[in-house]
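Below: one structure, written as structure tokens.
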Amino acid sequence: MSPWRRLLRRPTSVASLAFLAVVVVVAVGATVLGVVDPTAQDLHAVNQTPGGAHLLGTDGFGRDLLARLLMGVRVSLTIAFFAGLLDLTVGIAYGLVSGLAGPSVDAAMQRVLEVLAGIPTLVVLVLMLLVLPPGMVSIVLAMALTGWIPMARLVRAQAFRVKEREFMLAARVLGAGRVRLALRHVLPNSLGLVVVQTMFTIPTAIFFEAFLSFIGLGLRPPVASLGTLLSTGFQTMTFLPHQLLVPAIALSAVMIAFNLLADGLRDAFDPRGVTRR
Amino acid sequence: MTLARYTLRRLASMLVTLWIIVTLTFFLLRFLPGSPWANPMDLSPEQVAILNEHAGLGRPLIEQYGLYLRGLLTGDLGVSFQFRDQPVTALLAGRIGPSLQLGLQAIVVGALAGTVLGVVAAVRSNTWLDSGSTVTAVLGRSVPSFVAAALLQYVLAVRLGWFPIAGWSFFAHTVLPTIALALAPMADAARFVRTEMVEVLASDYADLARAGGLGPWQVAWKHGLRNSVIPMLTLLGPMAVALLTGSLVVENIFGVPGIGEQLVRSILVNDYPTVMAVTILYSALLLVVVFVVDVLYSVVDPRVRLGGGRR
């Protein structure tokens with residue numbers, strides 16, 4: 001059975017996939033097309049509770065919470081997308097080179113990796129965001145700085161596994177160079193694992209954006225992101241709990257969906273548990 | 001690889017990592033805009049020069065770096081910019097207690113609850129108990145600790161008044177932050193124990209034990225737990241990382257006078273020596289945890305250091 005079929009046989013995966021598809025389409029569509037305006041202020045309707053003209057209420061500046069939530073989801077997903085993309089490219093490149101370039105290069109690259117992997121993500125993020133100007137690009141770059149390491153390990157391990165197979169020998173006999181071997185043979189054979197790994201980096205990125213914005217290192221309030229919404233919501237929690245609950249539920253729902261989908265993908269692509277710890 | 005060689009190699013790589021972190025931290029923070037005495041005080045250039053001289057900011061960078069390294073080795077982390085002339089070491093020493101207590105409580109509660117959930121899910125696999133435990137685990141893994149902390153605070157403290165909202169005087173103050181931090185370790189442990197346990201319960205010796213008349217729970221207790229708790233050691237590293245990260249915000253939310261709360265404050269006021277000290281402290285702590293776990297694990301399961309095997 002193909003991995004995709006296996007994935008679609010699992011109800012939680014299908015539900016998560018459908019949910020995320022709807023979220024992405026609605027959040028991106030509504031904000032890009034201007035159906036909702038996350039910056040418009042209605043000064044006669046400040047701090048409204050949900051219901052009425054503003055479905056999820058308004059914030060302290062009279063901005064529509066639903067509009068801000070959709071914008072926030074879009075911002076968080078954008079960050080997660082680019083963080084995932086960077087991890088993917090750097091990690092695959094490093095893993096392929098390390099796995100195929102020969103023992104001495106590999107040993108050196110692995111020592112570097114070992115040392116870098118010891119640096120806690122939290123420390124990297126705090127330091128980088130203190131230095132870089134606040135904004136989405138900084139967050140993505142800071143996250144990518146050590147984020148690619150698990151991907152590199154995975155691809156290298158897969159390269160070692162594939163290296164010994166007959167088709168690799170055949171390709172080499174037919175004169176395929178290292179680059180061709182890497183891109184035409186090792187990479188396609190790692191694709192499933194790469195997809196699974198990427199699916200795990202996305203919720204991590206969403207978490208870190210929210211986390212950093214909450215402690216004042218990520219995005220700053222006029223920008224709507226799940227993190228800034230949470231942090232403003234937290235300040236007014238006692239009197240206006242919905243301003244916290246709305247982004248909290250949205251963030252949790254998106255995280256749950258991504259985690260369930262990632263689990264489903266892993267079981268589908270990797271029944272033998274290579275990516276499992 | 002012998003145990004001694006393996007340990008030495010891991011130790012060396014740990015020290016190199018730590019040195020890189022220290023160096024990076026030092027130089028990165030020197031490039032930061034702003035100075036501890038920029039905005040609030042109207043100081044003459046002469047006064048700024050004197051303050052800079054006093055804090056050692058006037059010397060060449062490389063000399064400052066050397067002094068910092070030397071200070072680190074003797075436990076001298078410099079002087080906080082934020083609190084008049086208080087040594088960072090003293091500032092942090094008073095804050096380690098609450099953070100450590102919270103971390104330990106969370107890891108113990110999380111690991112125990114997770115193990116119970118995992119065992120129940122494995123023994124009663126594919127029943128509603130299994131699904132319930134899986135749902136709990138997914139929630140624990142997906143809902144960030146600080147979101148859980150905010151929600152717990154709102155519902156159980158603000159609304160219902162069962163627990164104090166914030167502070168750090170009685171045991172009751174520790175309950176909500178502990179729960180918030182324990183969710184992720186619990187989820188990890190539950191998942192891990194369930195997977196290991198299902199494997200053990202399907203093994204031949206579990207069949208033999210059952211044939212000998214043991215019930216499913218007895219098999220799980222006698223054979224399953226022993227075989228699944230030791231590999232759980234490997235979870236300690238990631239758990240410690242998650243706890244430290246979470247503690248930053250959770251301590252803030254519940255007003256716990258710990259290290260994480262101090263870091264967030266220091267970040268906001270450009271207190272470089274304190275930020276540096278905390279990042280180095282965190283890194284050292286995590287590196288030591290990972291190092292100890294790796295070495296212990298290689299004692300329990302020598303395949304790790306012989307190359308191959310699980311990791």
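Going through the structure tokens in order, the chains are called A, B, and so on, while each chain numbers its residues from 1 and the ligands are numbered from 1 in the order shown.
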
Would you mind listing, for every residue of chain A within 8 Å of chain B, the two atoms forming the shortest contact and the distance between them in Å to one decimal, using only C-alpha atoms, sorted by chain and ascending residue number, as JSON lines?
{"residue": "A:Arg111", "atom": "CA", "partner": "B:Ser13", "partner_atom": "CA", "distance": 7.9}
{"residue": "A:Glu114", "atom": "CA", "partner": "B:Ser13", "partner_atom": "CA", "distance": 7.1}
{"residue": "A:Val115", "atom": "CA", "partner": "B:Thr17", "partner_atom": "CA", "distance": 4.9}
{"residue": "A:Leu116", "atom": "CA", "partner": "B:Thr17", "partner_atom": "CA", "distance": 6.7}
{"residue": "A:Gly118", "atom": "CA", "partner": "B:Thr17", "partner_atom": "CA", "distance": 6.1}
{"residue": "A:Ile119", "atom": "CA", "partner": "B:Ser283", "partner_atom": "CA", "distance": 6.6}
{"residue": "A:Pro120", "atom": "CA", "partner": "B:Ser283", "partner_atom": "CA", "distance": 6.2}
{"residue": "A:Leu122", "atom": "CA", "partner": "B:Thr245", "partner_atom": "CA", "distance": 6.3}
{"residue": "A:Val123", "atom": "CA", "partner": "B:Thr279", "partner_atom": "CA", "distance": 5.7}
{"residue": "A:Leu127", "atom": "CA", "partner": "B:Thr25", "partner_atom": "CA", "distance": 6.8}
{"residue": "A:Met128", "atom": "CA", "partner": "B:Leu28", "partner_atom": "CA", "distance": 7.9}
{"residue": "A:Leu130", "atom": "CA", "partner": "B:Leu32", "partner_atom": "CA", "distance": 7.1}
{"residue": "A:Val131", "atom": "CA", "partner": "B:Leu32", "partner_atom": "CA", "distance": 5.5}
{"residue": "A:Phe207", "atom": "CA", "partner": "B:Pro144", "partner_atom": "CA", "distance": 6.9}
{"residue": "A:Phe211", "atom": "CA", "partner": "B:Phe146", "partner_atom": "CA", "distance": 7.8}
{"residue": "A:Phe214", "atom": "CA", "partner": "B:Val249", "partner_atom": "CA", "distance": 7.7}
{"residue": "A:Ile215", "atom": "CA", "partner": "B:Val264", "partner_atom": "CA", "distance": 6.5}
{"residue": "A:Gly216", "atom": "CA", "partner": "B:Leu268", "partner_atom": "CA", "distance": 7.7}
{"residue": "A:Phe234", "atom": "CA", "partner": "B:Ala150", "partner_atom": "CA", "distance": 7.0}
{"residue": "A:Met237", "atom": "CA", "partner": "B:Tyr154", "partner_atom": "CA", "distance": 7.1}
{"residue": "A:Thr238", "atom": "CA", "partner": "B:Val158", "partner_atom": "CA", "distance": 6.9}
{"residue": "A:Pro241", "atom": "CA", "partner": "B:Tyr154", "partner_atom": "CA", "distance": 7.9}
{"residue": "A:Leu245", "atom": "CA", "partner": "B:Leu151", "partner_atom": "CA", "distance": 7.8}
{"residue": "A:Ala248", "atom": "CA", "partner": "B:Val147", "partner_atom": "CA", "distance": 6.3}
{"residue": "A:Leu251", "atom": "CA", "partner": "B:Val143", "partner_atom": "CA", "distance": 7.8}
{"residue": "A:Ser252", "atom": "CA", "partner": "B:Val143", "partner_atom": "CA", "distance": 5.1}
{"residue": "A:Met255", "atom": "CA", "partner": "B:Ser142", "partner_atom": "CA", "distance": 5.2}
{"residue": "A:Ile256", "atom": "CA", "partner": "B:Ser142", "partner_atom": "CA", "distance": 5.1}
{"residue": "A:Asn259", "atom": "CA", "partner": "B:Ser142", "partner_atom": "CA", "distance": 6.8}
{"residue": "A:Leu260", "atom": "CA", "partner": "B:Val138", "partner_atom": "CA", "distance": 7.5}
{"residue": "A:Arg277", "atom": "CA", "partner": "B:Arg311", "partner_atom": "CA", "distance": 6.8}

Any chance you could export the current selection's C-alpha atoms as a short mmCIF file (atom, residue, chain, number, x, y, z; two decimals), in the first residue's frame?
data_model
loop_
_atom_site.label_atom_id
_atom_site.label_comp_id
_atom_site.auth_asym_id
_atom_site.auth_seq_id
_atom_site.Cartn_x
_atom_site.Cartn_y
_atom_site.Cartn_z
CA ARG A 111 32.07 16.82 14.90
CA GLU A 114 27.78 17.42 17.45
CA VAL A 115 29.05 20.70 18.86
CA LEU A 116 26.28 22.78 17.28
CA GLY A 118 24.60 20.99 21.98
CA ILE A 119 23.59 24.64 21.82
CA PRO A 120 20.06 24.90 23.20
CA LEU A 122 16.30 28.70 23.45
CA VAL A 123 19.75 30.20 23.90
CA LEU A 127 20.73 35.79 21.62
CA MET A 128 19.89 36.20 17.94
CA LEU A 130 18.43 40.45 20.99
CA VAL A 131 20.83 41.33 18.20
CA PHE A 207 5.34 27.36 19.11
CA PHE A 211 6.73 31.88 22.81
CA PHE A 214 5.02 36.34 24.54
CA ILE A 215 8.31 37.17 26.26
CA GLY A 216 8.75 40.32 24.19
CA PHE A 234 -3.03 37.60 28.74
CA MET A 237 -7.41 38.06 30.93
CA THR A 238 -9.12 38.86 34.23
CA PRO A 241 -11.07 36.39 29.05
CA LEU A 245 -9.19 32.30 24.93
CA ALA A 248 -5.18 30.21 22.88
CA LEU A 251 -3.02 28.10 18.57
CA SER A 252 -3.80 24.84 20.37
CA MET A 255 -0.74 22.69 16.96
CA ILE A 256 -2.88 19.61 17.62
CA ASN A 259 1.03 17.06 15.48
CA LEU A 260 -1.66 14.55 14.54
CA ARG A 277 13.36 8.18 18.97
#

Contacts of stretch 92-99 of chain B at 7 Å or less, counting only C-alpha atoms, minus same-chain residues fewer than 3 places along, as an NGL selection string? :B and (88-89 or 102-103 or 257-259)

Could you take the residues named above and write them with C-alpha atoms, as a PDB file, in the first residue's frame?
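That gives us result_8.pdb:
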ATOM      1  CA  VAL B  88      25.279  38.357  38.941  1.00  0.00           C
ATOM      2  CA  THR B  89      26.334  35.221  40.776  1.00  0.00           C
ATOM      3  CA  LEU B 102       9.595  23.741  39.991  1.00  0.00           C
ATOM      4  CA  GLY B 103      11.617  21.817  37.420  1.00  0.00           C
ATOM      5  CA  PRO B 257      11.092  34.396  41.579  1.00  0.00           C
ATOM      6  CA  GLY B 258      13.164  32.001  39.471  1.00  0.00           C
ATOM      7  CA  ILE B 259      15.899  32.201  36.857  1.00  0.00           C
TER       8      ILE B 259
END

Given only C-alpha atoms as the basis, pick out the residue of B:Leu285, B:Val256, B:Asp301, B:Asp271 nearest to B:Phe170.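 Smallest distance to B:Phe170 is found for B:Val256.
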
Tell me which protein, DNA and RNA residues are within 12 Å of A:Leu141, counting only C-alpha atoms, leaving out same-chain ones fewer than 6 positions away, and put them as number ranges by chain. A: 79-80, 82-87, 90, 124-125, 128-129, 131-135, 147-148, 205, 209

Please provide the set of residues having any atom within 8 Å of stretch 160-166 of chain A, restricted to only C-alpha atoms, with same-chain residues fewer than 3 positions apart removed, written as number ranges by chain. A: 99-100, 156-157, 169-170, 186, 189

Near stretch 5-7 of chain A, within 9 Å and counting only C-alpha atoms, which residues show up once chain neighbours fewer than 4 positions away are dropped, as an MDAnalysis selection string? chainID A and resid 1 11 13:14 261 264:269

Since we have the selection now, will you write its residues out, keeping N, CA and C atoms, as a compact mmCIF listing (two decimals), in the first residue's frame?
# COMPACT_ATOMS: atom_id res chain seq x y z
N MET A 1 0.85 -1.20 0.00
CA MET A 1 0.00 0.00 0.00
C MET A 1 0.88 1.24 0.00
N PRO A 11 -8.41 8.21 10.28
CA PRO A 11 -9.37 9.31 10.42
C PRO A 11 -8.74 10.59 10.99
N SER A 13 -5.74 11.68 10.76
CA SER A 13 -4.90 12.36 9.77
C SER A 13 -5.78 13.12 8.78
N VAL A 14 -6.82 12.44 8.30
CA VAL A 14 -7.69 13.08 7.31
C VAL A 14 -8.34 14.32 7.92
N LEU A 261 -1.23 15.21 12.25
CA LEU A 261 -0.88 14.95 10.86
C LEU A 261 0.55 14.41 10.76
N GLY A 264 0.55 10.86 11.79
CA GLY A 264 -0.02 10.04 10.73
C GLY A 264 0.98 9.83 9.60
N LEU A 265 1.64 10.93 9.20
CA LEU A 265 2.63 10.85 8.13
C LEU A 265 3.78 9.93 8.51
N ARG A 266 4.19 10.04 9.76
CA ARG A 266 5.31 9.20 10.19
C ARG A 266 4.94 7.73 10.11
N ASP A 267 3.76 7.41 10.62
CA ASP A 267 3.37 6.00 10.58
C ASP A 267 3.17 5.52 9.15
N ALA A 268 2.77 6.45 8.26
CA ALA A 268 2.53 6.05 6.88
C ALA A 268 3.84 5.88 6.10
N PHE A 269 4.76 6.82 6.29
CA PHE A 269 6.00 6.80 5.51
C PHE A 269 7.09 5.96 6.13

DSSP helix (DSSP H, G or I) residues within stretch 187-232 of chain B, as JSON, numbers by chain: {"B": [187, 188, 189, 190, 191, 192, 193, 194, 195, 196, 197, 198, 199, 200, 201, 204, 205, 206, 207, 208, 209, 210, 211, 216, 217, 218, 219, 220, 221, 222, 223, 224, 225, 226, 227, 228, 229, 231, 232]}

Take the selection from the previous step and output its residues with C-alpha atoms, as a PDB file, in the first residue's frame.
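Result went into out-v2.pdb, see below:
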ATOM      1  CA  ALA B 187       2.896  13.452  27.065  1.00  0.00           C
ATOM      2  CA  ASP B 188       6.406  12.388  26.062  1.00  0.00           C
ATOM      3  CA  ALA B 189       6.593   9.754  28.772  1.00  0.00           C
ATOM      4  CA  ALA B 190       3.127   8.392  27.968  1.00  0.00           C
ATOM      5  CA  ARG B 191       3.938   7.972  24.292  1.00  0.00           C
ATOM      6  CA  PHE B 192       7.271   6.419  24.981  1.00  0.00           C
ATOM      7  CA  VAL B 193       6.060   3.968  27.634  1.00  0.00           C
ATOM      8  CA  ARG B 194       3.111   2.916  25.497  1.00  0.00           C
ATOM      9  CA  THR B 195       5.317   2.084  22.494  1.00  0.00           C
ATOM     10  CA  GLU B 196       7.867   0.182  24.583  1.00  0.00           C
ATOM     11  CA  MET B 197       5.180  -1.580  26.557  1.00  0.00           C
ATOM     12  CA  VAL B 198       3.230  -2.752  23.510  1.00  0.00           C
ATOM     13  CA  GLU B 199       6.461  -4.269  22.216  1.00  0.00           C
ATOM     14  CA  VAL B 200       7.226  -6.013  25.497  1.00  0.00           C
ATOM     15  CA  LEU B 201       3.684  -7.323  25.887  1.00  0.00           C
ATOM     16  CA  ASP B 204       7.619 -14.360  23.799  1.00  0.00           C
ATOM     17  CA  TYR B 205       8.564 -13.975  27.420  1.00  0.00           C
ATOM     18  CA  ALA B 206       5.399 -11.985  28.079  1.00  0.00           C
ATOM     19  CA  ASP B 207       3.467 -14.865  26.496  1.00  0.00           C
ATOM     20  CA  LEU B 208       5.314 -17.258  28.757  1.00  0.00           C
ATOM     21  CA  ALA B 209       4.492 -15.157  31.814  1.00  0.00           C
ATOM     22  CA  ARG B 210       0.842 -15.127  30.813  1.00  0.00           C
ATOM     23  CA  ALA B 211       0.899 -18.890  30.267  1.00  0.00           C
ATOM     24  CA  PRO B 216      -2.098  -8.542  32.074  1.00  0.00           C
ATOM     25  CA  TRP B 217      -1.361  -5.933  34.761  1.00  0.00           C
ATOM     26  CA  GLN B 218       1.107  -8.235  36.507  1.00  0.00           C
ATOM     27  CA  VAL B 219       2.951  -8.880  33.256  1.00  0.00           C
ATOM     28  CA  ALA B 220       3.070  -5.154  32.629  1.00  0.00           C
ATOM     29  CA  TRP B 221       4.362  -4.466  36.122  1.00  0.00           C
ATOM     30  CA  LYS B 222       6.919  -7.292  36.332  1.00  0.00           C
ATOM     31  CA  HIS B 223       8.265  -7.326  32.794  1.00  0.00           C
ATOM     32  CA  GLY B 224       7.035  -4.283  30.951  1.00  0.00           C
ATOM     33  CA  LEU B 225       8.004  -1.523  33.338  1.00  0.00           C
ATOM     34  CA  ARG B 226      11.529  -2.744  33.879  1.00  0.00           C
ATOM     35  CA  ASN B 227      12.165  -2.894  30.188  1.00  0.00           C
ATOM     36  CA  SER B 228      10.595   0.405  29.306  1.00  0.00           C
ATOM     37  CA  VAL B 229      11.735   2.641  32.149  1.00  0.00           C
ATOM     38  CA  PRO B 231      15.185   3.597  27.828  1.00  0.00           C
ATOM     39  CA  MET B 232      13.110   6.457  29.236  1.00  0.00           C
TER      40      MET B 232
END

Can you pull out the residues contacting A:Ala101? Cut-off 12 Å, using only C-alpha atoms, and skip same-chain residues under 5 positions away; I want them as a list in words.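 Listed by chain and then number, they are Ala93, Tyr94, Gly95, Leu96, Asp106, Ala107, Ala108, Met109, Arg156, Ala159, Phe160, Lys163, Gly177, Arg178, Val179, Leu181 and Ala182 of chain A.
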
With N, CA and C atoms retained, could you export that selection as a compact mmCIF listing (two decimals), in the first residue's frame?
# COMPACT_ATOMS: atom_id res chain seq x y z
N ALA A 93 21.11 19.47 2.27
CA ALA A 93 22.42 19.68 1.67
C ALA A 93 23.53 19.15 2.59
N TYR A 94 23.46 19.53 3.86
CA TYR A 94 24.49 19.09 4.81
C TYR A 94 24.48 17.58 4.95
N GLY A 95 23.29 17.01 5.07
CA GLY A 95 23.17 15.57 5.24
C GLY A 95 23.69 14.80 4.04
N LEU A 96 23.38 15.27 2.83
CA LEU A 96 23.83 14.57 1.62
C LEU A 96 25.34 14.63 1.50
N ASP A 106 33.13 13.39 6.30
CA ASP A 106 31.99 13.06 7.15
C ASP A 106 32.35 13.22 8.63
N ALA A 107 33.51 12.70 9.01
CA ALA A 107 33.91 12.79 10.42
C ALA A 107 33.99 14.24 10.85
N ALA A 108 34.61 15.07 10.02
CA ALA A 108 34.74 16.49 10.37
C ALA A 108 33.35 17.12 10.50
N MET A 109 32.49 16.85 9.50
CA MET A 109 31.16 17.47 9.53
C MET A 109 30.35 16.99 10.72
N ARG A 156 21.63 12.17 6.40
CA ARG A 156 22.91 11.47 6.39
C ARG A 156 22.70 9.97 6.67
N ALA A 159 21.34 8.37 3.72
CA ALA A 159 22.36 8.24 2.68
C ALA A 159 23.21 7.00 2.93
N PHE A 160 23.56 6.78 4.20
CA PHE A 160 24.35 5.60 4.54
C PHE A 160 23.59 4.32 4.22
N LYS A 163 23.38 3.92 0.34
CA LYS A 163 24.69 3.76 -0.30
C LYS A 163 25.01 2.32 -0.66
N GLY A 177 28.00 10.64 -11.38
CA GLY A 177 28.85 11.37 -10.43
C GLY A 177 28.17 11.46 -9.08
N ARG A 178 28.90 12.02 -8.13
CA ARG A 178 28.37 12.11 -6.77
C ARG A 178 27.10 12.95 -6.69
N VAL A 179 27.10 14.06 -7.44
CA VAL A 179 25.95 14.96 -7.38
C VAL A 179 24.72 14.22 -7.90
N LEU A 181 24.28 10.98 -8.04
CA LEU A 181 23.90 9.95 -7.07
C LEU A 181 23.07 10.56 -5.95
N ALA A 182 23.54 11.71 -5.46
CA ALA A 182 22.85 12.34 -4.33
C ALA A 182 21.45 12.76 -4.72
